[in-house]
Amino acid sequence: MATYTNRPISKACQLAELKNRGLVVGDDNQAIEYLGSINYFRFACYLLPFEIDPATHQYAVGTSFDQIIELYQFDKELRSLIFTAIQDVEIALRSRIIHHFSMSHGTFWFLNRNMFKDKSIFNTTLQKEWNEVNRSKEDFIQDFFDRYDNPHFTASMENAGGCVFRSIVEDIRELCRGQREEVRGKGFWPATIHVS
């Protein structure tokens, strides 16, 4: 294997290199500003489909900086929409699971060691959730502890909207004694997801 010997170069030199490879640039100052915000290597990834020669990194005739910025912006917006949708699905699923187990096994079902197949995972999960509760600045968690001193966890129904049980979906797989069957077919997957 070879040793990487390339030295860092200025944004102006990076832009000059891109232009030498055939990239059409309308406004050098604006392009340098973009390279300062996006990072050369990230920007270069968006150029890969436009390379006509991987050895020389020459770009197809007419490939423009503005075209690549539009592609980058599209990708950024698409990623934002996808992450928002994933977050909405996670919150909906977590809320439904917590509600089901609370209704079936009581408010503090997650403190029942017998609900978990692997006791070490139960202990680890409990410690992790305890750390989350102690670290949280959520008003509803503080309100719970202002009013109650036992148990030392907030009610799981309240956790559905807060920071506790971030790992609830992962932990569900550890449930035993027929609990896993409860998860199947109980409407945990929402019919609609509302994306903000």
# chains A, B, ... in the order shown; residues from 1 in each chain; ligands from 1

call {"tool": "residues_around", "arguments": {"residues": "region 1-11 of chain A", "least_positions_apart": "5", "cutoff": "12 Å", "atoms": "only C-alpha atoms", "output": "VMD selection string"}}
result
chain A and resid 16 to 18 28 to 41

call {"tool": "atom_distance", "arguments": {"atom1": "CA of Phe122 (chain A)", "atom2": "CA of Phe83 (chain A)"}}
result
28.9 Å

call {"tool": "select_by_dssp", "arguments": {"residues": "region 36-174 of chain A", "states": "strand (DSSP E or B)", "output": "count of residues only"}}
result
7

call {"tool": "atom_distance", "arguments": {"atom1": "CA of Pro151 (chain A)", "atom2": "CA of Asp88 (chain A)"}}
result
29.5 Å

call {"tool": "residues_around", "arguments": {"residues": "Ala44 (chain A)", "least_positions_apart": "3", "cutoff": "12 Å", "atoms": "only C-alpha atoms", "output": "JSON, numbers by chain"}}
result
{"A": [14, 15, 17, 18, 21, 23, 35, 38, 39, 40, 41, 47, 48, 49, 50, 51, 57, 58, 59, 65, 68, 69, 71, 72]}
